[in-house]
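Participant: Handing over work_12.txt, compact mmCIF, C-alpha atoms.
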```
# COMPACT_ATOMS: atom_id res chain seq x y z
CA MET A 67 0.00 0.00 0.00
CA VAL A 68 1.36 3.43 -0.89
CA ARG A 69 1.57 5.75 2.12
CA LYS A 70 0.09 9.18 1.42
CA LEU A 71 0.70 12.18 3.67
CA TYR A 72 -0.71 15.64 3.06
CA LEU A 73 1.73 18.42 3.75
CA GLN A 74 1.15 22.14 3.55
CA GLY A 75 1.66 22.97 -0.10
CA ALA A 76 2.48 19.43 -1.22
CA ILE A 77 1.40 15.81 -1.34
CA LEU A 78 3.96 13.29 -0.15
CA ILE A 79 3.37 9.88 -1.79
CA GLY A 80 5.77 7.26 -0.56
CA PHE A 81 8.92 9.38 -0.47
CA CYS A 82 8.21 11.76 -3.36
CA ALA A 83 6.72 15.19 -2.75
CA PHE A 84 5.01 17.05 -5.56
CA PRO A 85 4.56 20.82 -5.08
CA LEU A 86 1.00 22.05 -5.50
CA LEU A 87 1.26 25.79 -5.01
CA ALA A 88 2.24 27.41 -8.30
CA GLY A 89 4.47 30.39 -7.68
CA ALA A 90 5.09 29.53 -4.00
CA GLN A 91 8.44 30.82 -2.76
CA TYR A 92 9.39 27.67 -0.86
CA LYS A 93 9.24 24.02 -1.88
CA ALA A 94 10.36 20.82 -0.17
CA VAL A 95 10.66 17.75 -2.40
CA ARG A 96 12.06 14.26 -2.07
CA ASP A 97 13.17 12.64 -5.30
CA GLY A 98 14.49 9.15 -4.59
CA GLN A 99 17.34 9.41 -2.12
CA VAL A 100 17.73 13.19 -2.41
CA VAL A 101 15.77 15.90 -0.60
CA ARG A 102 15.69 19.37 -2.14
CA LEU A 103 14.69 22.57 -0.37
CA THR A 104 14.01 25.46 -2.75
CA ASP A 105 13.68 29.20 -2.25
CA GLU A 106 12.45 30.48 -5.60
CA ARG A 107 12.78 34.17 -4.74
CA HIS A 108 16.46 33.85 -3.87
CA GLN A 109 17.07 31.18 -6.55
CA THR A 110 18.57 28.89 -3.93
CA VAL A 111 18.36 25.08 -3.84
CA VAL A 112 19.72 22.97 -0.96
CA SER A 113 20.22 19.23 -1.59
CA ILE A 114 20.43 16.66 1.22
CA VAL A 115 20.95 12.90 1.24
CA PRO A 116 19.37 11.51 4.45
CA ASP A 117 20.69 7.97 4.01
CA VAL A 118 24.33 9.10 3.89
CA GLY A 119 24.71 10.85 7.23
CA ASP A 120 21.84 13.28 6.50
CA ILE A 121 24.49 15.38 4.75
CA VAL A 122 23.83 18.60 2.88
CA PHE A 123 25.90 18.10 -0.26
CA SER A 124 24.85 21.09 -2.34
CA MET A 125 23.63 24.66 -1.88
CA LYS A 126 23.25 26.31 -5.26
CA VAL A 127 22.66 30.05 -5.45
CA ARG A 128 21.70 31.17 -8.95
CA GLY A 129 23.31 28.00 -10.23
CA GLN A 130 26.58 28.45 -8.30
CA ASP A 131 27.35 25.91 -5.57
CA VAL A 132 28.69 27.23 -2.26
CA ILE A 133 29.24 23.67 -0.95
CA HIS A 134 32.42 21.85 -1.96
CA PHE A 135 31.52 18.49 -3.54
CA PRO A 136 34.32 17.14 -5.78
CA TYR A 137 32.52 13.95 -6.82
CA PRO A 138 31.16 13.12 -10.28
CA SER A 139 27.98 11.62 -8.83
CA LEU A 140 26.14 10.94 -5.62
CA GLU A 141 26.93 7.25 -6.01
CA ALA A 142 30.65 7.99 -6.09
CA PHE A 143 30.22 10.03 -2.93
CA LYS A 144 28.35 7.20 -1.21
CA ASP A 145 31.21 4.82 -2.01
CA HIS A 146 33.88 7.11 -0.53
CA ALA A 147 32.08 9.81 1.46
CA GLY A 148 34.39 12.43 2.86
CA LEU A 149 35.99 15.84 2.29
CA ALA A 150 32.68 17.27 1.05
CA GLY A 151 29.30 18.58 2.09
CA ILE A 152 28.29 19.39 5.67
CA PRO A 153 28.78 16.22 7.74
CA LEU A 154 27.84 15.95 11.41
CA LEU A 155 30.78 14.87 13.59
CA ALA A 156 29.42 12.80 16.48
CA PRO A 157 29.46 11.59 19.17
CA TRP A 158 32.72 13.58 19.21
CA ALA A 159 34.22 16.00 16.70
CA ASN A 160 37.78 16.00 15.43
CA ARG A 161 40.57 14.16 17.25
CA LEU A 162 40.95 12.29 20.53
CA ASP A 163 44.44 11.72 21.91
CA GLN A 164 43.81 8.05 22.70
CA GLN A 165 41.44 5.16 22.03
CA ALA A 166 39.32 6.20 24.98
CA PHE A 167 37.56 9.22 26.44
CA TYR A 168 36.58 10.55 29.84
CA ALA A 169 33.16 11.71 31.02
CA ASN A 170 31.99 12.44 34.57
CA GLY A 171 35.44 11.45 35.81
CA LYS A 172 35.20 7.94 34.32
CA LYS A 173 37.30 6.46 31.54
CA TYR A 174 35.51 4.74 28.65
CA VAL A 175 37.78 2.60 26.48
CA PHE A 176 36.79 1.92 22.87
CA ASN A 177 36.27 -1.63 21.65
CA MET A 178 38.46 -1.46 18.56
CA THR A 179 37.31 -4.88 17.33
CA LEU A 180 33.87 -3.46 16.45
CA GLY A 181 35.39 -1.54 13.54
CA ASN A 182 33.42 1.69 13.90
CA VAL A 183 36.26 3.48 15.72
CA ARG A 184 39.62 3.43 13.96
CA GLY A 185 43.16 4.67 14.41
CA ALA A 186 45.48 5.48 17.27
CA ILE A 187 43.99 8.96 17.21
CA PRO A 188 40.25 8.43 16.59
CA ILE A 189 38.69 11.24 14.59
CA HIS A 190 35.20 12.54 13.78
CA GLY A 191 33.19 9.90 15.64
CA PHE A 192 31.38 7.26 13.59
CA LEU A 193 28.11 8.75 12.33
CA THR A 194 29.19 10.76 9.29
CA ARG A 195 27.99 8.13 6.78
CA THR A 196 25.23 6.36 8.68
CA SER A 197 22.09 5.33 6.80
CA GLU A 198 20.01 5.16 9.99
CA TRP A 199 18.50 8.66 9.84
CA GLN A 200 14.68 8.64 9.78
CA VAL A 201 12.89 11.45 7.95
CA GLU A 202 10.37 12.93 10.39
CA GLU A 203 9.10 15.95 8.48
CA LEU A 204 9.57 17.38 5.00
CA LYS A 205 7.59 20.54 4.58
CA ALA A 206 7.33 24.03 3.12
CA ASP A 207 5.14 26.96 4.12
CA LYS A 208 5.11 30.70 3.43
CA GLN A 209 8.15 31.25 5.66
CA SER A 210 10.61 28.48 4.82
CA ALA A 211 11.28 24.95 3.60
CA TRP A 212 12.75 22.34 5.90
CA LEU A 213 13.71 18.75 6.55
CA THR A 214 13.71 17.28 10.06
CA SER A 215 15.37 13.90 10.61
CA ARG A 216 15.90 11.75 13.68
CA LEU A 217 18.70 9.38 14.68
CA GLU A 218 17.96 7.05 17.59
CA PHE A 219 21.50 6.45 18.80
CA TYR A 220 20.41 4.36 21.80
CA ARG A 221 18.99 1.60 19.56
CA HIS A 222 22.40 0.58 18.20
CA PRO A 223 24.46 -1.74 20.45
CA ASP A 224 27.74 -1.15 18.56
CA TRP A 225 27.31 2.61 18.99
CA MET A 226 26.37 2.34 22.65
CA ALA A 227 29.40 0.09 23.25
CA GLN A 228 31.65 2.99 22.23
CA PHE A 229 29.69 5.94 23.66
CA PRO A 230 27.38 4.53 26.36
CA PHE A 231 25.08 7.53 26.70
CA ALA A 232 21.58 6.74 25.46
CA HIS A 233 20.38 9.66 23.37
CA ILE A 234 18.45 10.82 20.32
CA ILE A 235 19.75 13.26 17.72
CA GLU A 236 17.33 15.43 15.79
CA MET A 237 18.54 17.60 12.92
CA THR A 238 16.63 20.21 10.92
CA GLN A 239 17.94 21.86 7.77
CA ARG A 240 15.83 24.96 7.07
CA LEU A 241 16.00 27.33 4.08
CA HIS A 242 14.67 30.85 4.73
CA ASP A 243 15.36 34.02 2.74
CA GLY A 244 18.31 32.42 0.97
CA VAL A 245 19.93 31.38 4.27
CA LEU A 246 20.47 27.77 5.36
CA GLU A 247 20.03 27.08 9.08
CA VAL A 248 21.26 23.74 10.44
CA GLN A 249 19.75 23.02 13.84
CA ILE A 250 20.87 20.13 16.03
CA LYS A 251 19.13 18.80 19.14
CA LEU A 252 20.42 16.12 21.53
CA ASP A 253 18.03 14.43 23.98
CA ASN A 254 19.84 12.69 26.84
CA LEU A 255 17.94 9.51 27.77
CA SER A 256 20.64 8.16 30.04
CA THR A 257 20.89 8.32 33.84
CA ASP A 258 24.20 10.23 33.79
CA PRO A 259 25.06 13.69 32.48
CA MET A 260 26.05 13.36 28.83
CA PRO A 261 29.09 15.29 27.51
CA VAL A 262 28.60 17.36 24.37
CA ALA A 263 31.62 17.25 22.07
CA ILE A 264 29.93 17.29 18.67
CA GLY A 265 30.59 19.55 15.72
CA PHE A 266 30.02 20.04 12.00
CA HIS A 267 32.47 20.14 9.11
CA PRO A 268 31.06 22.44 6.39
CA TYR A 269 33.14 22.43 3.20
CA LEU A 270 32.57 25.85 1.65
CA GLN A 271 33.70 27.28 -1.67
CA LEU A 272 33.45 30.29 -3.96
CA THR A 273 33.17 30.02 -7.74
CA ASP A 274 34.26 33.50 -8.85
CA SER A 275 37.91 32.97 -7.84
CA THR A 276 40.34 30.42 -6.42
CA ARG A 277 41.68 29.86 -2.92
CA ALA A 278 44.73 32.00 -3.72
CA ASP A 279 42.46 35.05 -4.01
CA TRP A 280 40.18 34.49 -1.03
CA ILE A 281 40.09 36.66 2.09
CA ILE A 282 38.91 35.16 5.38
CA HIS A 283 37.39 36.67 8.51
CA ILE A 284 38.07 34.94 11.85
CA SER A 285 35.87 35.88 14.82
CA ALA A 286 38.04 34.64 17.67
CA ARG A 287 40.41 36.07 20.25
CA THR A 288 42.58 33.03 20.93
CA HIS A 289 44.43 30.40 18.94
CA TYR A 290 45.14 27.01 20.56
CA LEU A 291 48.69 25.71 20.43
CA LEU A 292 48.76 22.23 18.92
CA GLN A 293 51.00 19.22 19.17
CA PRO A 294 52.29 17.68 15.90
CA ASP A 295 49.29 15.32 15.93
CA LYS A 296 46.92 18.36 15.97
CA ILE A 297 45.85 17.75 19.57
CA PRO A 298 45.68 20.98 21.61
CA THR A 299 48.21 21.32 24.39
CA GLY A 300 45.69 23.32 26.40
CA ALA A 301 47.72 26.50 26.02
CA THR A 302 46.51 29.42 23.90
CA GLU A 303 47.95 32.54 22.35
CA PRO A 304 46.13 35.74 21.46
CA ILE A 305 45.45 36.32 17.79
CA THR A 306 48.00 39.08 17.35
CA ASN A 307 50.73 37.54 15.21
CA GLU A 308 50.05 35.51 12.05
CA PHE A 309 46.31 36.10 12.49
CA LYS A 310 46.72 39.73 13.52
CA ASP A 311 44.28 40.95 10.86
CA PRO A 312 41.40 38.45 10.94
CA ASP A 313 39.12 40.88 9.09
CA ALA A 314 41.26 40.76 5.95
CA ALA A 315 43.51 37.69 6.03
CA PRO A 316 44.62 36.36 2.60
CA LEU A 317 43.98 32.61 2.71
CA ARG A 318 46.95 31.88 0.43
CA GLN A 319 49.27 32.77 3.32
CA TYR A 320 47.96 30.01 5.56
CA ASN A 321 48.03 26.24 5.87
CA LEU A 322 45.10 25.82 8.23
CA ASP A 323 44.03 22.98 10.46
CA ASP A 324 43.74 25.09 13.60
CA VAL A 325 41.60 25.46 16.70
CA PHE A 326 40.22 28.80 17.87
CA GLY A 327 38.47 29.85 21.06
CA GLU A 328 37.00 32.86 22.85
CA LEU A 329 34.76 33.51 19.87
CA ILE A 330 33.72 37.10 19.23
CA ARG A 331 29.93 37.48 19.26
CA ASN A 332 27.60 39.96 17.58
CA ASP A 333 24.49 41.42 19.22
CA GLN A 334 22.61 38.19 18.43
CA GLY A 335 25.19 36.13 20.30
CA ARG A 336 26.56 34.66 17.06
CA ALA A 337 30.18 34.31 15.98
CA VAL A 338 30.59 35.25 12.32
CA PHE A 339 33.24 33.73 10.04
CA SER A 340 33.44 34.41 6.31
CA VAL A 341 35.34 33.90 3.07
CA THR A 342 35.28 36.51 0.31
CA GLY A 343 36.30 36.29 -3.35
CA LYS A 344 36.03 38.79 -6.19
CA HIS A 345 32.33 39.43 -5.63
CA GLN A 346 31.02 36.38 -3.82
CA LYS A 347 30.99 35.93 -0.06
CA VAL A 348 29.90 33.08 2.19
CA SER A 349 29.43 33.76 5.88
CA ILE A 350 28.77 31.19 8.57
CA GLU A 351 27.34 32.18 11.93
CA PHE A 352 27.69 29.99 15.03
CA GLY A 353 25.04 30.03 17.76
CA PRO A 354 26.20 30.63 21.38
CA LYS A 355 26.56 26.96 22.36
CA PHE A 356 29.09 26.38 19.58
CA GLN A 357 31.97 27.58 21.72
CA ALA A 358 34.97 26.90 19.50
CA ALA A 359 35.95 26.71 15.84
CA VAL A 360 38.29 24.58 13.80
CA ILE A 361 39.34 26.16 10.53
CA TYR A 362 40.54 23.69 7.90
CA SER A 363 41.96 24.77 4.55
CA PRO A 364 45.29 23.12 3.82
CA ASN A 365 47.80 24.65 1.49
CA PRO A 366 47.45 22.82 -1.86
CA GLU A 367 51.05 21.61 -1.70
CA THR A 368 50.36 19.76 1.56
CA ILE A 369 47.29 17.74 0.46
CA PRO A 370 48.25 14.05 0.07
CA PRO A 371 46.31 11.76 -2.29
CA ILE A 372 43.72 9.55 -0.59
CA PRO A 373 43.19 6.06 -2.08
CA GLY A 374 39.69 5.63 -3.51
CA ARG A 375 38.91 9.35 -3.59
CA PRO A 376 39.28 11.85 -6.41
CA PRO A 377 42.33 14.14 -6.39
CA GLN A 378 41.66 16.82 -3.79
CA ASP A 379 40.56 20.16 -5.18
CA PRO A 380 42.20 22.68 -2.81
CA ASN A 381 39.58 25.38 -3.37
CA PHE A 382 37.64 25.01 -0.14
CA ILE A 383 37.59 26.23 3.43
CA CYS A 384 35.91 24.73 6.47
CA PHE A 385 34.72 26.88 9.36
CA GLU A 386 33.70 24.12 11.77
CA PRO A 387 31.13 24.89 14.50
CA MET A 388 32.32 23.02 17.60
CA ALA A 389 30.55 22.52 20.90
CA SER A 390 34.02 22.43 22.43
CA ILE A 391 37.65 22.32 21.37
CA THR A 392 39.36 19.27 19.92
CA ASP A 393 39.96 16.52 22.54
CA ALA A 394 37.96 18.42 25.18
CA LEU A 395 36.72 15.12 26.65
CA ASN A 396 40.24 14.15 27.65
CA LEU A 397 41.80 17.57 28.15
CA GLU A 398 39.17 18.37 30.79
CA GLN A 399 40.15 15.25 32.72
CA GLU A 400 43.80 16.34 32.58
CA GLY A 401 42.93 19.78 33.90
CA LYS A 402 44.00 21.44 30.64
CA PHE A 403 40.55 22.65 29.60
CA LYS A 404 37.45 23.98 31.30
CA GLY A 405 34.03 24.49 29.81
CA LEU A 406 32.96 21.09 28.47
CA GLN A 407 29.17 21.14 28.23
CA TYR A 408 27.01 18.39 29.73
CA ILE A 409 23.31 17.54 29.28
CA PRO A 410 21.60 16.57 32.56
CA PRO A 411 19.62 13.30 32.52
CA GLY A 412 16.29 13.69 30.77
CA GLN A 413 17.15 17.09 29.30
CA SER A 414 18.18 18.43 25.89
CA TRP A 415 20.90 20.49 24.22
CA GLU A 416 20.04 22.49 21.12
CA GLU A 417 21.91 24.87 18.83
CA SER A 418 22.10 26.17 15.24
CA PHE A 419 24.49 27.59 12.72
CA TRP A 420 23.66 29.54 9.57
CA ILE A 421 25.22 29.66 6.09
CA ILE A 422 24.68 33.00 4.37
CA PRO A 423 25.75 33.51 0.73
CA SER A 424 25.94 36.99 -0.85
CA GLY A 425 27.22 38.52 -4.05
CA PHE A 426 26.05 35.65 -6.27
```
Kindly transcribe the structure held in the file into structure tokens.
Facilitator:
Amino acid sequence: MVRKLYLQGAILIGFCAFPLLAGAQYKAVRDGQVVRLTDERHQTVVSIVPDVGDIVFSMKVRGQDVIHFPYPSLEAFKDHAGLAGIPLLAPWANRLDQQAFYANGKKYVFNMTLGNVRGAIPIHGFLTRTSEWQVEELKADKQSAWLTSRLEFYRHPDWMAQFPFAHIIEMTQRLHDGVLEVQIKLDNLSTDPMPVAIGFHPYLQLTDSTRADWIIHISARTHYLLQPDKIPTGATEPITNEFKDPDAAPLRQYNLDDVFGELIRNDQGRAVFSVTGKHQKVSIEFGPKFQAAVIYSPNPETIPPIPGRPPQDPNFICFEPMASITDALNLEQEGKFKGLQYIPPGQSWEESFWIIPSGF
């Protein structure tokens, strides 16, 4: 039997939505494995693939894509997903300094035989490519178009074996006035406070120029000193030397895989980072609970080939919204970091970031 759901402005039959309102500004459509959110007035289309990590893999503004996606097809991306789109990094973001983490003063050691955590320095959690997201709502109204999906982490024994905090993740991608908001919500179902060490890894690009011509804006006061393995030492330095002009920093001068803290906030409580080309600009704004940023844009000469993936196009920059700094779970235990957020039992943590294109 075909499932039929009536949505405002559309009929959803099975998993395909057909817009009904001719001339409506916003549309939300699922075509096979891809969800598309459209803002006709701003000529913006956001494409999402729920069954590969619920990743936004395209945001086209007047035909120009602000999301870096160097794959010839979605199938090629599914085979070797990485270095593209806007993946969620969970249950921890970026690197850990060992095959274990601390929470509430207890050490939790990974079971490396399960295969979902890899490497001496585990990185980016294990949810970036999961197919377990459930679409909860796909809808458009007069104000916006959005997709809400749900990931029931607690139902998966192999996940719980590595991060034994029962929780649910809910993510909403919303397109409004040409701006993409990504909202994340964590519901802690466990009996202990749950640490929040998640983040996102948006790969952004401009199409009117190359990396060598881009200018970046960094809204932070401090730069974390890193060990050779990119783990913070816990020490910081003020941004007064190589990043002394964060409002007009030529990206070509930098080889970035760096951690920043003490984010500078506007009157809405958001930290604003941006990259500017000849005419185009993409800004990303972090909500208040994203307390740190990792900026990743390696110098082209330093990018090694990765087996199974296409040659890396260096024309991208990642401003990564982070709930905390890299390795915060373990650095807090060592007394080298303060400020790790926790969700009390039965409560929730919620935050957003926004991607704002202009000049297209």
Participant: Measuring atom to atom with only C-alpha atoms, identify which of A:Val248, A:Val118, A:Glu351, A:Gly300 is nearest to Asp145 of chain A.
Facilitator: A:Val118
Participant: Just the number, please: distance in Å from atom CA of Tyr320 of chain A to atom CA of Asn381 of chain A, one decimal.
Facilitator: 13.1 Å
Participant: For segment 360-404 of chain A versus segment 420-426 of chain A, which residues have an atom no more than 12 Å away, and what is each residue's nearest atom pair and distance in Å rounded to one decimal, using all atoms listed in the file, chain-then-number order, as CSV?
Facilitator:
```
residue,atom,partner,partner_atom,distance
A:Cys384,CA,A:Ile421,CA,11.8
A:Phe385,CA,A:Ile421,CA,10.4
A:Glu386,CA,A:Ile421,CA,11.6
A:Pro387,CA,A:Trp420,CA,10.1
```
Participant: At what distance in Å, to one decimal, does atom CA of Ala186 of chain A lie from atom CA of Ala232 of chain A?
Facilitator: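 These atoms are spaced 25.3 Å apart.
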Participant: Please identify all polymer residues within 10 Å of segment 122-126 of chain A, counting only C-alpha atoms, omitting same-chain residues fewer than 6 positions from it, and present them as an NGL selection string.
Facilitator: :A and (100-104 or 109-116 or 132-135 or 140 or 143 or 150-154 or 239 or 244-246 or 248 or 268-270 or 421 or 423 or 426)
Participant: For segment 357-361 of chain A, work out the shell of residues within 9 Å, counting all atoms listed in the file and skipping chain neighbours fewer than 2 positions away, then give it as a ChimeraX atom specification.
Facilitator: /A:160,265,267,284,286,322-329,352-355,363,383-392,405
Participant: Record the distance separating atom CA of Trp415 of chain A and atom CA of Arg287 of chain A, expressed in Å with one decimal.
Facilitator: 25.3 Å
Participant: Using all atoms listed in the file for the distances, tell me which of A:Pro223, A:Gly148, A:Pro138, A:Gly343 is nearest to Arg195 of chain A.
Facilitator: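 Ranking A:Pro223, A:Gly148, A:Pro138, A:Gly343 by distance to Arg195 of chain A, first place goes to A:Gly148.
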Participant: Centre and edge lengths of an axis-aligned box around all listed atoms of segment 214-227 of chain A, with 5 Å added on each side, are to be given in Å to one decimal, as lines of an AutoDock Vina configuration file.
Facilitator:
```
center_x = 21.6
center_y = 7.8
center_z = 16.7
size_x = 25.7
size_y = 29.0
size_z = 23.2
```
Participant: Which residue gives the smallest distance to Arg107 of chain A among A:Gln209, A:Thr257, A:Gln130, A:Gln164, with only C-alpha atoms counted?
Facilitator: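 For Arg107 of chain A, the nearest of the candidates is A:Gln209.
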Participant: Write out N, CA and C atoms for segment 122-136 of chain A, as an mmCIF file, in the frame of the given file.
Facilitator:
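Result saved to out-v6.cif:
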```
data_model
loop_
_atom_site.group_PDB
_atom_site.id
_atom_site.type_symbol
_atom_site.label_atom_id
_atom_site.label_comp_id
_atom_site.auth_asym_id
_atom_site.auth_seq_id
_atom_site.Cartn_x
_atom_site.Cartn_y
_atom_site.Cartn_z
ATOM 1 N N VAL A 122 24.030 17.612 3.933
ATOM 2 C CA VAL A 122 23.830 18.600 2.880
ATOM 3 C C VAL A 122 25.027 18.514 1.950
ATOM 4 N N PHE A 123 24.776 18.224 0.660
ATOM 5 C CA PHE A 123 25.900 18.100 -0.260
ATOM 6 C C PHE A 123 25.900 19.170 -1.345
ATOM 7 N N SER A 124 24.880 20.027 -1.355
ATOM 8 C CA SER A 124 24.850 21.090 -2.340
ATOM 9 C C SER A 124 23.989 22.231 -1.826
ATOM 10 N N MET A 125 24.430 23.465 -2.105
ATOM 11 C CA MET A 125 23.630 24.660 -1.880
ATOM 12 C C MET A 125 23.904 25.590 -3.047
ATOM 13 N N LYS A 126 23.043 25.522 -4.057
ATOM 14 C CA LYS A 126 23.250 26.310 -5.260
ATOM 15 C C LYS A 126 22.495 27.623 -5.170
ATOM 16 N N VAL A 127 23.224 28.712 -5.438
ATOM 17 C CA VAL A 127 22.660 30.050 -5.450
ATOM 18 C C VAL A 127 22.819 30.593 -6.862
ATOM 19 N N ARG A 128 21.688 30.755 -7.535
ATOM 20 C CA ARG A 128 21.700 31.170 -8.950
ATOM 21 C C ARG A 128 22.627 30.282 -9.768
ATOM 22 N N GLY A 129 22.555 28.995 -9.483
ATOM 23 C CA GLY A 129 23.310 28.000 -10.230
ATOM 24 C C GLY A 129 24.729 27.773 -9.759
ATOM 25 N N GLN A 130 25.219 28.584 -8.808
ATOM 26 C CA GLN A 130 26.580 28.450 -8.300
ATOM 27 C C GLN A 130 26.566 27.759 -6.942
ATOM 28 N N ASP A 131 27.377 26.710 -6.794
ATOM 29 C CA ASP A 131 27.350 25.910 -5.570
ATOM 30 C C ASP A 131 28.316 26.465 -4.540
ATOM 31 N N VAL A 132 27.825 26.736 -3.339
ATOM 32 C CA VAL A 132 28.690 27.230 -2.260
ATOM 33 C C VAL A 132 29.225 26.080 -1.410
ATOM 34 N N ILE A 133 28.769 24.851 -1.678
ATOM 35 C CA ILE A 133 29.240 23.670 -0.950
ATOM 36 C C ILE A 133 30.224 22.897 -1.823
ATOM 37 N N HIS A 134 31.375 22.597 -1.258
ATOM 38 C CA HIS A 134 32.420 21.850 -1.960
ATOM 39 C C HIS A 134 32.002 20.387 -2.070
ATOM 40 N N PHE A 135 31.948 19.877 -3.307
ATOM 41 C CA PHE A 135 31.520 18.490 -3.540
ATOM 42 C C PHE A 135 32.241 17.971 -4.780
ATOM 43 N N PRO A 136 33.494 17.516 -4.627
ATOM 44 C CA PRO A 136 34.320 17.140 -5.780
ATOM 45 C C PRO A 136 34.094 15.706 -6.262
#
```
